[in-house]
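Enquirer: Input: one structure, supplied below.
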Amino acid sequence: MTLPGQQEQKLSMDTFLEGLWRQNPTFVMVLGMCPTLAVTVSAVNALTMGLATTIVLVFSCWLISLLRKLVPKEVRIATYIVIIATFVTAVDYLIQAVSLALYDALGAFIQLIVVNCIILGRAEAHASKHPPLVALTNALGMGAGFTIGLFALGAVREILGSGSLFGLSLFGADFQPWVVMVLPPGGFFVLGAWLLLFAWWKRRKGGRALIAEGQHHGA
Amino acid sequence: MTAQVPVVEATPTTSMIKTLGIVATVCGLIIVGAYQGTYSAVAANKKIAIERAVFKVIPGSKNISEFYAMPNGIAPAAGETPPGAVKFYAAYDANDRLTGVAAEAGAKGYADVVRILYGYSQDCRCIIGIGVVSMRETPGIGDKILTDRQFLANFTALDVKLNADLSALANAVKTVKHGTKSHAWEVEAISGATVTSKAVGKGINDSAQSLLPKLVPQIEKLRSRQS
Amino acid sequence: MGHETISQIVVSALLANNFVLAMFLGLCPFLGVSGKLDTAFPMGVATTFVMLVASVCAYGLNLLLSAFHLEFLRLIAYIVVIASAVQLVEMVLKKYSPALFRALGIYLPLITTNCAVLGVALFQTAREYDFLQSMAFSFGGGAGFTLALVLMASVRERLQLSDIPGVAQGTALSLMLAGILSLAFMGFAGMGG
C-alpha cells in the first residue's frame, strides 16, 4: 500500500526506541488506558498484561505487514481487527495453559486486548506501510514501552496499596497499606501523577531552551 | 508503482473476497492450532486447581470424582450439565473411602459475586471447611474472610442437617451479627465486614438447600470409590 | 451468578459498578470526548445504542456457537458484530442527523474500539445472564457510561475558566478528576442488593 514517493522506513535502532520513549503509548500517546488502569493492581499482573499485549502487537503487526499489499483499502480495518482478534484468542489460551491464577487475575481484560487502541492504531499508522521486519521491530518497541508504562503503574500501586512488590512484603506487618491505591480511584490518581511528573520534566527540559518565551515553570 | 492487480477498478469485489478468504483461512488455522495445542495443558491446570481447592476444604483426601445430584439420583459428571442438576465433588482418601463432598456456592457481596467451595461430611452432617474461590471485596475489609480465624472457625462444624422428610435443611444457615452466635447453624459475621460475611452465609445456604436434599438420600452409594 | 434481579443489575452497572469509574471500560472516549457537554451526551447515547445492539447479537451468537461447540470463535464473532453495528449507526446518523454525524466526527467509528461495548458482550457471557438480564446489563452500563461522560464534561467545561497550572493541564487533570469521581461513586457500593 505504499504510494510512489513515500519511503518505507529502514530498519534502525530508532525503529525500536521510538516506542520506548518518544512515542511511549502510555505516557505520551495516552492510548490503551483501559487495561492500563484495570490490571495494574500488582506488578506481576502488570507485567503479564504487558507481555500479552506485546505478543499480540508484534504478531499482528508482522502479519498485517506481510499482507499489506494484498488487503484492499475498503476492508482493511475489518481485516486488521480479525487478525488481531485471532492472536488475542491464541494468547488467551496460552495464558490459561501457563497459569490459571494469572488468567483469573487478568480476567476479561485479556480478551479486551483486541480493542486496545494501541494495536489497531499501530497497524493502521505503521504496519500497513512498512516491510515486515521494520513493523515487527517497531511493534516490539511499542510493546516494550507499554509494558514499562504498565509496570510503572503496577509497581507504585502495589507498593503503596499492599506494601509489597512481586508478592514480597516490603514493610513488614505493621505497615498500614494505602488501600485506595489498589482500588479504581487509585489507578486514576497514580496515572495522573505520572503524567504530571512527565509534563513537569518536559517543561523543565524545554524551558531551559526557551528562556525567552517566559514559560511558567511548574514546581 | 505497485500495481498488483492489472485492472484495479473493474473487479474490486472479487479481489476483496479473495483477500478476506485468505485472511480468514490463516486466522482460522492459527486459532484452531492454538486451541488444540493448549487444550491438554489447560485441562490439566483446571484439574489441579480443583483438586487443590477440594483437598483444602476436606483434609485427608487424595482423589476426587465429579458428580451431578439430580432429583432422581446421582450420576457421574460428563458433558453438559443437565437442567436442575447440582455439580459436586466426592473426595476419597488413600483407601478409596469417602472423606466428604465439596460443592461451589456463590452470592453477591459488596463489589461482586463471592464464590466459595465448601466441604460437607456426612458423618457429622455438617460443613467442615470453606475456601474462597474468587472474590473482589474491599482489600483490608471484605477480604478478611480469607484470614479471620474466628470467621473461618464458623465452618469447622456448621450444622446443615436435613429435616425429617429430607426436603430441606432443618435450620437454614444464617449470618448473624458479630458476638451473637448461639446455634451451630449460624455464621458469625466479621465485625465491620457484614456484607461480605452475609454473602458467604447466603451462598452456603442457597447451595446446601439445593444440593443436600438431593445428595444425602443417595450418599451411601458414594462411600467407596468406583473406577 | 445469574441469580441477580433486573433492578440489581441495572443499578449495579449504572452506579456501584459503573463501567467507566469502577470497571475501567470505555476510558479512551471518556478522556477524549468529555471536553464539551454537547458532544459528550450524544456520544454516550450512541454508545449505549451500540451496546444494546451488541448485547442482543452477542446473546444470540453465544447460543449459536455453544450449540456447535465453536466457543473459540466467540471473540472474533463478537468484534465483527460490533464493527457492523457501528457501521449501521454511522449510516443511520448520516442520513437522519448529518449535523450530529459531523459533530461526532472521528469518534463515531471509534466506538468499535470502545472496550465498554466489547466488555458488555464478554461480561454478560461470563456471568451467564439470560436475555432480559443481558439487556438490563447493557442498558445500565450504557447509561452509566453516559452519566460518567456527562459529569466529566460538565466539570471540564467549568474548569476551562479556572486557572490551572500549565503542568497539570490536559490528560493529567482529566485523570485526577476521574479519580475523584471514582471515589465518589464508591459511595454507591452495595446499593441495589
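Chain labels A, B, ... are given in the sequence in which chains occur in the C-alpha cells; within each chain residues are numbered consecutively from 1, and ligands are likewise numbered from 1 in the order shown.
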Using only C-alpha atoms, which chain B residues lie at most 9 Å away from chain C, written as an NGL selection string?
Expert: :B and (28 or 31-32 or 35 or 106-113 or 195)
Enquirer: Could you save those same residues with N, CA and C atoms as a short mmCIF file (atom, residue, chain, number, x, y, z; two decimals), in the first residue's frame?
Expert:
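Output contents, as saved in part-v1.cif:
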```
data_model
loop_
_atom_site.label_atom_id
_atom_site.label_comp_id
_atom_site.auth_asym_id
_atom_site.auth_seq_id
_atom_site.Cartn_x
_atom_site.Cartn_y
_atom_site.Cartn_z
N GLY B 28 -8.14 -18.72 10.90
CA GLY B 28 -8.79 -19.92 11.40
C GLY B 28 -7.77 -20.97 11.80
N ILE B 31 -6.10 -19.98 15.15
CA ILE B 31 -6.95 -20.17 16.33
C ILE B 31 -7.09 -21.64 16.67
N VAL B 32 -7.41 -22.44 15.65
CA VAL B 32 -7.61 -23.86 15.92
C VAL B 32 -6.32 -24.48 16.43
N TYR B 35 -5.86 -23.50 20.05
CA TYR B 35 -6.83 -24.20 20.90
C TYR B 35 -6.41 -25.64 21.13
N GLY B 106 -22.14 -19.43 45.81
CA GLY B 106 -21.82 -18.05 45.49
C GLY B 106 -22.98 -17.14 45.80
N ALA B 107 -22.68 -15.92 46.21
CA ALA B 107 -23.72 -14.92 46.43
C ALA B 107 -23.07 -13.56 46.28
N LYS B 108 -23.89 -12.57 45.99
CA LYS B 108 -23.34 -11.24 45.74
C LYS B 108 -22.89 -10.60 47.03
N GLY B 109 -21.61 -10.17 47.03
CA GLY B 109 -21.09 -9.48 48.20
C GLY B 109 -21.12 -7.99 47.96
N TYR B 110 -20.13 -7.30 48.47
CA TYR B 110 -20.09 -5.85 48.38
C TYR B 110 -19.87 -5.39 46.94
N ALA B 111 -18.87 -5.96 46.29
CA ALA B 111 -18.48 -5.49 44.96
C ALA B 111 -18.97 -6.42 43.86
N ASP B 112 -18.81 -7.69 44.06
CA ASP B 112 -19.14 -8.65 43.01
C ASP B 112 -19.48 -9.96 43.70
N VAL B 113 -19.68 -11.01 42.90
CA VAL B 113 -20.06 -12.30 43.49
C VAL B 113 -18.87 -12.88 44.26
N VAL B 195 -21.42 -7.22 55.07
CA VAL B 195 -21.97 -7.56 53.75
C VAL B 195 -21.27 -8.78 53.17
#
```
Enquirer: For region 86-94 of chain C, work out the shell of residues within 8 Å, counting only C-alpha atoms and skipping chain neighbours fewer than 5 positions away, then give it as a tab-separated table (two decimals) with N, CA and C atoms, in the first residue's frame.
Expert:
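This went into selection-v1.tsv:
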```tsv
chain	number	residue	atom	x	y	z
C	46	ALA	N	-25.16	7.33	21.69
C	46	ALA	CA	-24.79	6.48	20.56
C	46	ALA	C	-24.12	5.20	21.06
C	50	VAL	N	-25.28	1.25	20.62
C	50	VAL	CA	-24.44	0.19	20.08
C	50	VAL	C	-24.31	-0.95	21.09
C	100	LEU	N	-25.21	16.07	13.64
C	100	LEU	CA	-24.68	15.28	14.74
C	100	LEU	C	-23.54	14.39	14.23
C	101	PHE	N	-23.75	13.84	13.04
C	101	PHE	CA	-22.73	12.98	12.44
C	101	PHE	C	-21.41	13.74	12.30
C	108	LEU	N	-17.07	8.51	16.21
C	108	LEU	CA	-18.13	7.55	15.95
C	108	LEU	C	-17.57	6.18	15.57
C	109	PRO	N	-16.70	6.11	14.52
C	109	PRO	CA	-16.13	4.79	14.24
C	109	PRO	C	-15.30	4.25	15.39
C	111	ILE	N	-16.15	3.98	18.32
C	111	ILE	CA	-16.97	3.20	19.25
C	111	ILE	C	-16.65	1.72	19.09
C	112	THR	N	-16.18	1.35	17.90
C	112	THR	CA	-15.82	-0.05	17.68
C	112	THR	C	-14.74	-0.50	18.64
```
Enquirer: If the cut-off is 8 Å, can you tell me the residues of chain A near chain C, counting only C-alpha atoms? I'd like them as number ranges by chain.
Expert: A: 31-35, 37-38, 78, 81-82, 85-86, 89, 108, 111-112, 115-117, 184-189, 191-193, 195-196, 199-200, 203, 216-218
Enquirer: Restricted to C-alpha atoms, what would the selected residues look like written as a compact mmCIF listing (two decimals), in the first residue's frame?
Expert:
```
# COMPACT_ATOMS: atom_id res chain seq x y z
CA LEU A 31 -3.52 5.06 24.50
CA GLY A 32 -4.67 1.71 25.80
CA MET A 33 -5.97 3.19 29.02
CA CYS A 34 -8.50 0.53 29.91
CA PRO A 35 -6.09 -2.31 30.67
CA LEU A 37 -5.72 1.14 34.88
CA ALA A 38 -7.62 -2.06 35.39
CA ALA A 78 -12.14 -5.17 9.35
CA ILE A 81 -9.50 -6.45 13.58
CA VAL A 82 -9.97 -10.08 12.59
CA ALA A 85 -8.72 -10.97 17.42
CA THR A 86 -7.13 -14.19 16.18
CA THR A 89 -7.68 -15.68 21.18
CA ALA A 108 -11.79 -10.28 30.75
CA GLN A 111 -9.85 -10.57 25.54
CA LEU A 112 -10.19 -6.80 25.67
CA VAL A 115 -9.87 -3.27 21.32
CA ASN A 116 -6.70 -1.82 22.71
CA CYS A 117 -6.31 1.33 20.63
CA PRO A 184 -10.23 2.13 40.96
CA PRO A 185 -9.67 5.73 42.12
CA GLY A 186 -6.07 4.89 42.89
CA GLY A 187 -5.49 3.86 39.32
CA PHE A 188 -6.65 7.24 38.05
CA PHE A 189 -4.62 9.14 40.64
CA LEU A 191 -1.52 7.58 36.31
CA GLY A 192 -2.42 11.25 36.64
CA ALA A 193 0.56 11.69 38.95
CA LEU A 195 1.63 12.22 33.63
CA LEU A 196 2.05 15.27 35.85
CA ALA A 199 4.78 17.10 31.92
CA TRP A 200 6.80 18.86 34.58
CA ARG A 203 8.78 21.63 30.70
CA HIS A 216 5.87 29.46 33.63
CA HIS A 217 7.75 26.64 35.32
CA GLY A 218 5.53 24.45 37.38
```
Enquirer: If the cut-off is 7 Å, can you tell me the residues of chain A near chain B, counting only C-alpha atoms? I'd like them as a PyMOL selection string.
Expert: chain A and resi 4+70-72+83+86+89-90+93-94+96-97+100+179
Enquirer: List as an MDAnalysis selection string the protein and nucleic acid residues near region 135-144 of chain A, meaning an atom at most 8 Å away when only C-alpha atoms are counted, but skip any in the same chain fewer than 5 places from it.
Expert: chainID A and resid 11 15:20 23:25 50:51 53:55 57:59 61:62 65 122 126:127 130
Enquirer: Could you name the residues that touch region 149-164 of chain C at 7 Å or less, counting only C-alpha atoms, but leaving out those on the same chain fewer than 3 positions away, as a list in words?
Expert: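 The residues satisfying every condition are Phe30, Ser34, Gly35, Lys36, Leu37, Ala40, Phe41, Gly44, Phe145, Thr146, Ala168 and Gln169 of chain C.
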Enquirer: Would you save the residues of that selection, restricted to N, CA and C atoms, as a PDB file, in the first residue's frame?
Expert:
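Contents of again08.pdb, as written:
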```pdb
ATOM      1  N   PHE C  30     -13.866   8.390  27.072  1.00  0.00           N
ATOM      2  CA  PHE C  30     -14.122   9.138  28.291  1.00  0.00           C
ATOM      3  C   PHE C  30     -13.118  10.267  28.450  1.00  0.00           C
ATOM      4  N   SER C  34     -14.833  13.974  26.455  1.00  0.00           N
ATOM      5  CA  SER C  34     -15.589  14.618  27.527  1.00  0.00           C
ATOM      6  C   SER C  34     -15.239  16.086  27.683  1.00  0.00           C
ATOM      7  N   GLY C  35     -14.735  16.720  26.609  1.00  0.00           N
ATOM      8  CA  GLY C  35     -14.380  18.117  26.755  1.00  0.00           C
ATOM      9  C   GLY C  35     -15.585  19.033  26.743  1.00  0.00           C
ATOM     10  N   LYS C  36     -16.561  18.666  25.917  1.00  0.00           N
ATOM     11  CA  LYS C  36     -17.730  19.534  25.822  1.00  0.00           C
ATOM     12  C   LYS C  36     -18.990  18.731  26.044  1.00  0.00           C
ATOM     13  N   LEU C  37     -19.937  19.352  26.704  1.00  0.00           N
ATOM     14  CA  LEU C  37     -21.189  18.676  27.042  1.00  0.00           C
ATOM     15  C   LEU C  37     -21.989  18.314  25.801  1.00  0.00           C
ATOM     16  N   ALA C  40     -20.501  15.214  24.433  1.00  0.00           N
ATOM     17  CA  ALA C  40     -20.429  14.106  25.383  1.00  0.00           C
ATOM     18  C   ALA C  40     -21.749  13.348  25.452  1.00  0.00           C
ATOM     19  N   PHE C  41     -22.850  14.074  25.566  1.00  0.00           N
ATOM     20  CA  PHE C  41     -24.137  13.398  25.734  1.00  0.00           C
ATOM     21  C   PHE C  41     -24.538  12.563  24.511  1.00  0.00           C
ATOM     22  N   GLY C  44     -22.518   9.457  24.388  1.00  0.00           N
ATOM     23  CA  GLY C  44     -22.987   8.469  25.350  1.00  0.00           C
ATOM     24  C   GLY C  44     -24.211   7.730  24.841  1.00  0.00           C
ATOM     25  N   PHE C 145     -22.190   4.783  31.566  1.00  0.00           N
ATOM     26  CA  PHE C 145     -21.137   5.399  30.733  1.00  0.00           C
ATOM     27  C   PHE C 145     -21.526   6.828  30.388  1.00  0.00           C
ATOM     28  N   THR C 146     -22.773   7.021  29.945  1.00  0.00           N
ATOM     29  CA  THR C 146     -23.254   8.362  29.593  1.00  0.00           C
ATOM     30  C   THR C 146     -23.198   9.278  30.802  1.00  0.00           C
ATOM     31  N   ALA C 168      -0.331  20.762  34.892  1.00  0.00           N
ATOM     32  CA  ALA C 168      -1.410  19.819  35.177  1.00  0.00           C
ATOM     33  C   ALA C 168      -2.449  19.774  34.082  1.00  0.00           C
ATOM     34  N   GLN C 169      -2.344  20.650  33.120  1.00  0.00           N
ATOM     35  CA  GLN C 169      -3.405  20.706  32.114  1.00  0.00           C
ATOM     36  C   GLN C 169      -3.455  19.457  31.272  1.00  0.00           C
TER      37      GLN C 169
END
```
Enquirer: Measure the distance from CA of Thr175 (chain B) to CA of Val187 (chain B) in Å and round it to one decimal.
Expert: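 It comes out at 4.5 Å.
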Enquirer: Run DSSP on the backbone and give me the residues of region 72-157 of chain B it puts in helix (DSSP H, G or I), as a ChimeraX atom specification.
Expert: /B:142-146,149-153
Enquirer: Considering only strand (DSSP E or B) as DSSP defines it on the backbone, what residues of chain B qualify? List them as a ChimeraX atom specification.
Expert: /B:63-70,73-76,86-92,97-108,113-121,126-134,158-159,162,169,174-176,186-188,224
Enquirer: Store the residues picked out above in a file with C-alpha atoms, as a PDB file, in the first residue's frame.
Expert:
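Ended up saving to out_28.pdb:
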```
ATOM      1  CA  ASN B  63      -8.674 -38.271  44.921  1.00  0.00           C
ATOM      2  CA  ILE B  64     -11.818 -36.621  43.696  1.00  0.00           C
ATOM      3  CA  SER B  65     -14.619 -37.616  41.347  1.00  0.00           C
ATOM      4  CA  GLU B  66     -17.176 -35.281  39.840  1.00  0.00           C
ATOM      5  CA  PHE B  67     -20.896 -35.966  40.061  1.00  0.00           C
ATOM      6  CA  TYR B  68     -24.252 -34.387  39.394  1.00  0.00           C
ATOM      7  CA  ALA B  69     -27.006 -34.505  42.000  1.00  0.00           C
ATOM      8  CA  MET B  70     -30.459 -34.532  40.461  1.00  0.00           C
ATOM      9  CA  GLY B  73     -30.429 -39.637  41.733  1.00  0.00           C
ATOM     10  CA  ILE B  74     -26.705 -39.153  41.345  1.00  0.00           C
ATOM     11  CA  ALA B  75     -24.764 -39.517  38.128  1.00  0.00           C
ATOM     12  CA  PRO B  76     -21.074 -39.124  37.265  1.00  0.00           C
ATOM     13  CA  VAL B  86     -26.099 -29.567  41.041  1.00  0.00           C
ATOM     14  CA  LYS B  87     -22.448 -30.370  40.463  1.00  0.00           C
ATOM     15  CA  PHE B  88     -20.396 -31.642  43.379  1.00  0.00           C
ATOM     16  CA  TYR B  89     -17.079 -33.360  44.031  1.00  0.00           C
ATOM     17  CA  ALA B  90     -16.774 -36.566  46.061  1.00  0.00           C
ATOM     18  CA  ALA B  91     -13.426 -36.773  47.838  1.00  0.00           C
ATOM     19  CA  TYR B  92     -11.746 -40.046  48.756  1.00  0.00           C
ATOM     20  CA  ARG B  97     -13.150 -44.291  51.257  1.00  0.00           C
ATOM     21  CA  LEU B  98     -15.367 -41.216  51.121  1.00  0.00           C
ATOM     22  CA  THR B  99     -13.945 -38.376  53.185  1.00  0.00           C
ATOM     23  CA  GLY B 100     -16.515 -35.804  52.201  1.00  0.00           C
ATOM     24  CA  VAL B 101     -18.296 -33.921  49.448  1.00  0.00           C
ATOM     25  CA  ALA B 102     -17.394 -30.477  48.126  1.00  0.00           C
ATOM     26  CA  ALA B 103     -19.549 -28.047  46.195  1.00  0.00           C
ATOM     27  CA  GLU B 104     -19.410 -24.474  44.996  1.00  0.00           C
ATOM     28  CA  ALA B 105     -21.506 -21.684  46.415  1.00  0.00           C
ATOM     29  CA  GLY B 106     -21.822 -18.047  45.491  1.00  0.00           C
ATOM     30  CA  ALA B 107     -23.717 -14.921  46.430  1.00  0.00           C
ATOM     31  CA  LYS B 108     -23.340 -11.243  45.736  1.00  0.00           C
ATOM     32  CA  VAL B 113     -20.058 -12.298  43.490  1.00  0.00           C
ATOM     33  CA  VAL B 114     -18.155 -14.086  46.254  1.00  0.00           C
ATOM     34  CA  ARG B 115     -17.505 -17.673  45.167  1.00  0.00           C
ATOM     35  CA  ILE B 116     -16.553 -20.282  47.711  1.00  0.00           C
ATOM     36  CA  LEU B 117     -16.009 -24.004  47.852  1.00  0.00           C
ATOM     37  CA  TYR B 118     -17.284 -25.784  50.949  1.00  0.00           C
ATOM     38  CA  GLY B 119     -16.704 -29.282  52.248  1.00  0.00           C
ATOM     39  CA  TYR B 120     -19.517 -31.387  53.733  1.00  0.00           C
ATOM     40  CA  SER B 121     -19.133 -34.507  55.832  1.00  0.00           C
ATOM     41  CA  CYS B 126     -22.072 -30.549  58.847  1.00  0.00           C
ATOM     42  CA  ILE B 127     -19.784 -28.368  56.831  1.00  0.00           C
ATOM     43  CA  ILE B 128     -16.168 -28.914  57.774  1.00  0.00           C
ATOM     44  CA  GLY B 129     -14.333 -26.220  55.844  1.00  0.00           C
ATOM     45  CA  ILE B 130     -14.535 -23.476  53.251  1.00  0.00           C
ATOM     46  CA  GLY B 131     -12.163 -21.973  50.743  1.00  0.00           C
ATOM     47  CA  VAL B 132     -12.679 -18.782  48.781  1.00  0.00           C
ATOM     48  CA  VAL B 133     -12.524 -19.428  45.028  1.00  0.00           C
ATOM     49  CA  SER B 134     -12.882 -15.854  43.853  1.00  0.00           C
ATOM     50  CA  LEU B 158     -21.541 -25.771  60.639  1.00  0.00           C
ATOM     51  CA  ASP B 159     -24.751 -27.705  61.196  1.00  0.00           C
ATOM     52  CA  LEU B 162     -31.763 -32.059  56.911  1.00  0.00           C
ATOM     53  CA  LEU B 169     -32.274 -28.018  55.810  1.00  0.00           C
ATOM     54  CA  LYS B 174     -27.985 -17.690  58.703  1.00  0.00           C
ATOM     55  CA  THR B 175     -25.362 -14.992  59.174  1.00  0.00           C
ATOM     56  CA  VAL B 176     -25.763 -13.205  62.499  1.00  0.00           C
ATOM     57  CA  GLU B 186     -25.368 -19.737  62.439  1.00  0.00           C
ATOM     58  CA  VAL B 187     -22.430 -17.927  60.891  1.00  0.00           C
ATOM     59  CA  GLU B 188     -20.986 -15.115  62.960  1.00  0.00           C
ATOM     60  CA  SER B 224     -16.373 -46.283  48.216  1.00  0.00           C
TER      61      SER B 224
END
```
Enquirer: Please provide as a list in words all residues within 8 Å of Ala136 (chain C), with the sequence filter that same-chain residues fewer than 4 positions apart are discarded (counting only C-alpha atoms).
Expert: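 My list of contacting residues is Ile6, Ser7, Ile9, Val10, Leu132 and Gly140 of chain C.
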Enquirer: Enter the distance from CA of Lys205 (chain A) to CA of Val190 (chain A), in Å, rounded to one decimal.
Expert: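 The value is 22.7 Å.
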Enquirer: Got a sec: who's within 12 Å of Asp148 (chain B), counting only C-alpha atoms, leaving out chain neighbours fewer than 3 positions off, as JSON, numbers by chain?
Expert: {"B": [140, 141, 142, 143, 144, 145, 151, 152, 153, 154, 155, 188, 189, 190, 191, 193, 197]}
Enquirer: For Ile106 (chain C), which of C:Leu15, C:Met43, C:Ile82, C:Ala121 is the closest residue, counting only C-alpha atoms?
Expert: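 Looking at the shortest contact to Ile106 (chain C), the residue is C:Met43.
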Enquirer: Which of these, C:Ser138, C:Asn18, C:Leu52, C:Ala67, has the shortest distance to Phe188 (chain C) once you count only C-alpha atoms?
Expert: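 For Phe188 (chain C), the nearest of the candidates is C:Asn18.
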